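Below: one structure, written as structure tokens.
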Amino acid sequence: MKLSIIDVGSNSVRLLMWADGRSLYKKIKTTRLGEGLANTSVLLKQAMERTADAVAVFCSLAKSEGAEIIYIFATAAVRCSKNGSEFVDMVREKCGLDVCVLSGEEEARLGYLGATQGGNGGIIDVGGASTEITVGKDGCIVYAKSVDFGAVRLKDFCGEDRRLLRKYIDERIGAYGDVPQSKFYAIGGTATSICALEFEVEPYDPELIDGRVLTVNAIEAWAERLLSMGQAQRLRLKGMDPSRADILGGGALLLSSVLRYVKAKEVTVSEKDNLEGFIISGRGGVQ
């Protein structure tokens, strides 16, 4: 059976095509659904429209390629906004499909399942509007926490001011409390984009990213470097994703801060994340 999973994030919409127990491919479109959310607590109409249009395009593609089932889930931007139901209605009108809005804990669990395949390990997922830490052992979650700060939210609140970014992160990172020690994996666009810069992967190739190890010092160095550059300079860097160039410095600072908080000196970057986790979890009857 061929099926499709669509992840509606705060920064991008992603499509996974799946058949015969394996991933066929992924596609991504940056739509910035969470733009301005930090300051207003509502999703902007334009952001909802361009994101719903991207979902509709992916739905049409999935159908044209023979997907028998299409599932759509949304994360922090829809979950945290006052008008998230308007976006859900918009997608239903355009696609005829419902959107499952994940809780922070559900999002964390799916990321853990995708990256570790239900084994042992910890997951750090820096998203656009939230960041999840999850630790699992032998398929059981022993710790999961989602905090409402991410790369897009940081940009909205702090711009590219390093002092403000550090202050904002430091004031909120204690919400994670005591995190169990673990080998940590990083998932999501912030981690994979930093990895592409560190190893100069251009054009982007998931197979050259998956399993790479980044030190916390390297991530922190990229944060400082990116935040000291102008946008035009960033765009000239080998491996830079143009759609993330304006938020990656803050995202890198957040990722390095979280790693230091959990006392990790390095992290393994995983291309497998909550999309694969959705499959593994059996959500919606998917097996």
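Within each chain, counting starts at residue 1; across the structure tokens, chains are named A, B, ... in the order shown, with ligands numbered 1 upward in that order.
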
Excluding Ala47 (chain A) and its own-chain neighbours fewer than 3 positions away, which residues fall within 10 Å of it when counting only C-alpha atoms? Please give them as a ChimeraX atom specification.
/A:10,31-36,43-44,50-53,87

Generate the output file for the selected residues, all heavy atoms, as an mmCIF file, in the first residue's frame.
```
data_model
loop_
_atom_site.group_PDB
_atom_site.id
_atom_site.type_symbol
_atom_site.label_atom_id
_atom_site.label_comp_id
_atom_site.auth_asym_id
_atom_site.auth_seq_id
_atom_site.Cartn_x
_atom_site.Cartn_y
_atom_site.Cartn_z
ATOM 1 N N SER A 10 5.848 25.007 11.645
ATOM 2 C CA SER A 10 5.808 26.454 11.787
ATOM 3 C C SER A 10 6.586 27.157 10.694
ATOM 4 O O SER A 10 6.315 28.320 10.370
ATOM 5 C CB SER A 10 6.374 26.851 13.155
ATOM 6 O OG SER A 10 5.677 26.193 14.184
ATOM 7 N N THR A 31 6.917 27.797 4.018
ATOM 8 C CA THR A 31 5.758 28.688 3.934
ATOM 9 C C THR A 31 5.651 29.647 5.123
ATOM 10 O O THR A 31 4.822 30.550 5.108
ATOM 11 C CB THR A 31 4.453 27.874 3.866
ATOM 12 O OG1 THR A 31 4.307 27.098 5.066
ATOM 13 C CG2 THR A 31 4.441 26.942 2.657
ATOM 14 N N ARG A 32 6.431 29.421 6.175
ATOM 15 C CA ARG A 32 6.440 30.289 7.361
ATOM 16 C C ARG A 32 5.042 30.491 7.946
ATOM 17 O O ARG A 32 4.594 31.623 8.162
ATOM 18 C CB ARG A 32 7.076 31.648 7.034
ATOM 19 C CG ARG A 32 8.572 31.580 6.732
ATOM 20 C CD ARG A 32 9.394 31.512 8.011
ATOM 21 N NE ARG A 32 10.793 31.239 7.711
ATOM 22 C CZ ARG A 32 11.715 32.192 7.530
ATOM 23 N NH1 ARG A 32 11.379 33.459 7.628
ATOM 24 N NH2 ARG A 32 12.957 31.851 7.273
ATOM 25 N N LEU A 33 4.365 29.401 8.213
ATOM 26 C CA LEU A 33 3.036 29.498 8.828
ATOM 27 C C LEU A 33 3.100 30.256 10.151
ATOM 28 O O LEU A 33 2.176 30.988 10.506
ATOM 29 C CB LEU A 33 2.459 28.100 9.056
ATOM 30 C CG LEU A 33 1.106 28.014 9.762
ATOM 31 C CD1 LEU A 33 0.030 28.736 8.961
ATOM 32 C CD2 LEU A 33 0.707 26.555 9.988
ATOM 33 N N GLY A 34 4.191 30.086 10.892
ATOM 34 C CA GLY A 34 4.312 30.712 12.206
ATOM 35 C C GLY A 34 4.800 32.148 12.180
ATOM 36 O O GLY A 34 5.058 32.738 13.242
ATOM 37 N N GLU A 35 4.892 32.755 11.006
ATOM 38 C CA GLU A 35 5.377 34.131 10.899
ATOM 39 C C GLU A 35 4.500 35.092 11.709
ATOM 40 O O GLU A 35 3.279 35.133 11.556
ATOM 41 C CB GLU A 35 5.369 34.568 9.424
ATOM 42 C CG GLU A 35 5.870 35.977 9.200
ATOM 43 C CD GLU A 35 5.797 36.369 7.734
ATOM 44 O OE1 GLU A 35 5.121 35.669 6.953
ATOM 45 O OE2 GLU A 35 6.416 37.369 7.376
ATOM 46 N N GLY A 36 5.142 35.843 12.595
ATOM 47 C CA GLY A 36 4.418 36.821 13.401
ATOM 48 C C GLY A 36 3.648 36.244 14.572
ATOM 49 O O GLY A 36 3.095 36.996 15.387
ATOM 50 N N LEU A 43 -2.379 33.203 13.702
ATOM 51 C CA LEU A 43 -1.793 32.937 12.401
ATOM 52 C C LEU A 43 -2.250 34.004 11.416
ATOM 53 O O LEU A 43 -3.443 34.331 11.356
ATOM 54 C CB LEU A 43 -2.224 31.557 11.899
ATOM 55 C CG LEU A 43 -1.833 30.362 12.778
ATOM 56 C CD1 LEU A 43 -2.484 29.086 12.244
ATOM 57 C CD2 LEU A 43 -0.318 30.214 12.847
ATOM 58 N N LEU A 44 -1.297 34.561 10.673
ATOM 59 C CA LEU A 44 -1.640 35.575 9.673
ATOM 60 C C LEU A 44 -2.404 34.935 8.518
ATOM 61 O O LEU A 44 -2.122 33.801 8.123
ATOM 62 C CB LEU A 44 -0.377 36.242 9.144
ATOM 63 C CG LEU A 44 0.513 36.956 10.171
ATOM 64 C CD1 LEU A 44 1.773 37.482 9.495
ATOM 65 C CD2 LEU A 44 -0.251 38.076 10.852
ATOM 66 N N ARG A 50 -0.928 30.577 2.101
ATOM 67 C CA ARG A 50 0.181 29.975 1.356
ATOM 68 C C ARG A 50 0.518 28.581 1.885
ATOM 69 O O ARG A 50 0.934 27.707 1.126
ATOM 70 C CB ARG A 50 1.403 30.891 1.362
ATOM 71 C CG ARG A 50 2.028 31.169 2.702
ATOM 72 C CD ARG A 50 3.261 32.071 2.550
ATOM 73 N NE ARG A 50 3.848 32.402 3.844
ATOM 74 C CZ ARG A 50 3.773 33.589 4.420
ATOM 75 N NH1 ARG A 50 3.141 34.579 3.818
ATOM 76 N NH2 ARG A 50 4.334 33.799 5.601
ATOM 77 N N THR A 51 0.292 28.367 3.183
ATOM 78 C CA THR A 51 0.558 27.039 3.755
ATOM 79 C C THR A 51 -0.509 26.048 3.321
ATOM 80 O O THR A 51 -0.199 24.909 2.936
ATOM 81 C CB THR A 51 0.631 27.124 5.286
ATOM 82 O OG1 THR A 51 1.653 28.058 5.664
ATOM 83 C CG2 THR A 51 0.954 25.758 5.885
ATOM 84 N N ALA A 52 -1.774 26.460 3.364
ATOM 85 C CA ALA A 52 -2.852 25.584 2.914
ATOM 86 C C ALA A 52 -2.697 25.257 1.428
ATOM 87 O O ALA A 52 -2.974 24.127 0.999
ATOM 88 C CB ALA A 52 -4.205 26.237 3.177
ATOM 89 N N ASP A 53 -2.237 26.228 0.639
ATOM 90 C CA ASP A 53 -1.992 25.975 -0.787
ATOM 91 C C ASP A 53 -0.891 24.926 -0.967
ATOM 92 O O ASP A 53 -0.990 24.053 -1.845
ATOM 93 C CB ASP A 53 -1.597 27.274 -1.496
ATOM 94 C CG ASP A 53 -2.773 28.216 -1.710
ATOM 95 O OD1 ASP A 53 -3.928 27.745 -1.621
ATOM 96 O OD2 ASP A 53 -2.531 29.413 -1.959
ATOM 97 N N PHE A 87 -7.244 27.602 10.241
ATOM 98 C CA PHE A 87 -6.334 26.950 9.301
ATOM 99 C C PHE A 87 -6.803 25.530 9.003
ATOM 100 O O PHE A 87 -6.796 25.096 7.850
ATOM 101 C CB PHE A 87 -4.912 26.922 9.856
ATOM 102 C CG PHE A 87 -3.957 26.149 9.000
ATOM 103 C CD1 PHE A 87 -3.490 26.684 7.811
ATOM 104 C CD2 PHE A 87 -3.561 24.868 9.356
ATOM 105 C CE1 PHE A 87 -2.629 25.956 6.994
ATOM 106 C CE2 PHE A 87 -2.707 24.139 8.552
ATOM 107 C CZ PHE A 87 -2.233 24.682 7.364
#
```

Residues near Arg283 (chain A), anyone? I mean within 10 Å using only C-alpha atoms, not counting same-chain ones fewer than 6 positions away, as a list in words.
Tyr71, Leu110 and Gly277 of chain A

Exercise: region 239-255 of chain A partners within 7 Å, only C-alpha atoms, chain neighbours under 2 positions left out, as a short mmCIF file (atom, residue, chain, number, x, y, z; two decimals) with N, CA, C and O atoms, in the first residue's frame:
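out01.cif written:
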```
data_model
loop_
_atom_site.label_atom_id
_atom_site.label_comp_id
_atom_site.auth_asym_id
_atom_site.auth_seq_id
_atom_site.Cartn_x
_atom_site.Cartn_y
_atom_site.Cartn_z
N THR A 30 8.88 25.73 2.07
CA THR A 30 8.91 26.69 3.16
C THR A 30 7.77 27.69 2.99
O THR A 30 7.67 28.34 1.94
N VAL A 126 14.57 21.16 17.19
CA VAL A 126 14.37 22.61 17.15
C VAL A 126 13.47 22.92 15.97
O VAL A 126 13.87 22.79 14.81
N GLY A 150 11.41 28.48 19.29
CA GLY A 150 11.95 27.86 18.09
C GLY A 150 12.57 28.92 17.21
O GLY A 150 12.59 30.10 17.55
N ALA A 151 13.08 28.52 16.04
CA ALA A 151 13.85 29.43 15.20
C ALA A 151 13.04 30.62 14.68
O ALA A 151 13.53 31.75 14.65
N VAL A 152 11.80 30.37 14.28
CA VAL A 152 10.96 31.47 13.77
C VAL A 152 10.51 32.37 14.92
O VAL A 152 10.53 33.61 14.81
N LEU A 154 12.07 32.90 17.72
CA LEU A 154 13.23 33.70 18.14
C LEU A 154 13.41 34.91 17.23
O LEU A 154 13.69 36.02 17.69
N LYS A 155 13.27 34.68 15.92
CA LYS A 155 13.42 35.79 14.96
C LYS A 155 12.34 36.85 15.20
O LYS A 155 12.63 38.05 15.18
N GLU A 160 18.00 39.50 15.14
CA GLU A 160 19.30 38.84 15.07
C GLU A 160 20.25 39.41 16.11
O GLU A 160 21.48 39.33 15.98
N LEU A 165 18.79 37.32 21.99
CA LEU A 165 18.56 35.89 21.75
C LEU A 165 19.01 35.05 22.94
O LEU A 165 18.28 34.17 23.41
N ILE A 169 16.54 32.83 25.39
CA ILE A 169 16.75 31.39 25.57
C ILE A 169 17.02 31.05 27.03
O ILE A 169 16.43 30.13 27.59
N THR A 190 16.71 22.92 11.38
CA THR A 190 17.84 23.64 11.96
C THR A 190 19.08 22.75 11.99
O THR A 190 20.16 23.14 11.53
N SER A 193 20.31 21.72 8.42
CA SER A 193 20.87 22.87 7.69
C SER A 193 22.26 23.23 8.21
O SER A 193 23.16 23.57 7.44
N ALA A 196 24.62 20.70 6.82
CA ALA A 196 24.94 20.96 5.42
C ALA A 196 26.01 22.04 5.30
O ALA A 196 26.91 21.95 4.43
N LEU A 197 25.98 23.04 6.17
CA LEU A 197 27.00 24.08 6.17
C LEU A 197 28.34 23.53 6.65
O LEU A 197 29.38 23.78 6.04
N GLU A 200 29.63 21.27 4.00
CA GLU A 200 29.54 21.86 2.66
C GLU A 200 28.81 20.93 1.69
O GLU A 200 29.30 20.63 0.59
N VAL A 201 27.63 20.48 2.10
CA VAL A 201 26.83 19.59 1.27
C VAL A 201 25.94 20.43 0.35
O VAL A 201 24.95 21.03 0.77
N GLU A 202 26.32 20.49 -0.91
CA GLU A 202 25.57 21.26 -1.91
C GLU A 202 25.72 20.60 -3.28
O GLU A 202 26.85 20.39 -3.73
N PRO A 203 24.61 20.22 -3.92
CA PRO A 203 23.23 20.38 -3.45
C PRO A 203 22.93 19.46 -2.27
O PRO A 203 23.68 18.52 -2.01
N TYR A 204 21.85 19.77 -1.59
CA TYR A 204 21.50 19.02 -0.39
C TYR A 204 21.23 17.56 -0.72
O TYR A 204 20.52 17.25 -1.67
N ILE A 219 28.47 23.85 16.43
CA ILE A 219 27.14 24.46 16.28
C ILE A 219 27.15 25.89 16.82
O ILE A 219 26.62 26.82 16.21
N GLU A 220 27.79 26.06 17.98
CA GLU A 220 27.87 27.39 18.58
C GLU A 220 28.68 28.34 17.70
O GLU A 220 28.33 29.52 17.55
N TRP A 222 28.89 28.20 14.45
CA TRP A 222 28.04 28.59 13.34
C TRP A 222 27.02 29.64 13.77
O TRP A 222 26.71 30.57 13.00
N ALA A 223 26.51 29.52 14.99
CA ALA A 223 25.56 30.53 15.49
C ALA A 223 26.22 31.90 15.50
O ALA A 223 25.66 32.89 15.00
N LEU A 226 26.95 33.11 11.79
CA LEU A 226 25.77 33.50 11.02
C LEU A 226 25.17 34.79 11.55
O LEU A 226 24.71 35.64 10.78
N LEU A 227 25.16 34.96 12.87
CA LEU A 227 24.57 36.15 13.46
C LEU A 227 25.42 37.40 13.24
O LEU A 227 24.94 38.52 13.40
N GLN A 231 22.50 39.13 5.38
CA GLN A 231 21.79 38.09 4.63
C GLN A 231 22.50 37.72 3.33
O GLN A 231 22.58 36.54 2.97
N ARG A 234 25.35 35.36 4.03
CA ARG A 234 24.89 34.01 4.39
C ARG A 234 24.52 33.22 3.14
O ARG A 234 24.80 32.04 3.02
N LEU A 235 23.86 33.88 2.22
CA LEU A 235 23.39 33.21 1.02
C LEU A 235 24.53 32.72 0.14
O LEU A 235 24.34 31.84 -0.70
N LEU A 237 27.18 31.21 1.35
CA LEU A 237 27.84 30.08 2.01
C LEU A 237 27.48 28.77 1.32
O LEU A 237 26.31 28.52 1.00
N SER A 257 22.52 25.75 22.81
CA SER A 257 22.14 26.02 24.21
C SER A 257 21.45 24.81 24.82
O SER A 257 21.70 24.45 25.98
N VAL A 258 20.57 24.17 24.05
CA VAL A 258 19.88 22.97 24.54
C VAL A 258 20.89 21.84 24.77
O VAL A 258 20.82 21.12 25.78
N LEU A 259 21.83 21.68 23.86
CA LEU A 259 22.84 20.63 24.02
C LEU A 259 23.67 20.87 25.28
O LEU A 259 23.98 19.93 26.03
#
```

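In this model, the gap between CA of Glu198 (chain A) and CA of Lys238 (chain A) comes to 9.1 Å.
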
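Between CA of Val267 (chain A) and CA of Asn120 (chain A) the separation is 14.3 Å.
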
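Remark: for Arg14 (chain A), the closest of the candidate residues A:Thr192, A:Ser64, A:Asn274, A:Ser228 is A:Asn274 (distances computed over only C-alpha atoms).
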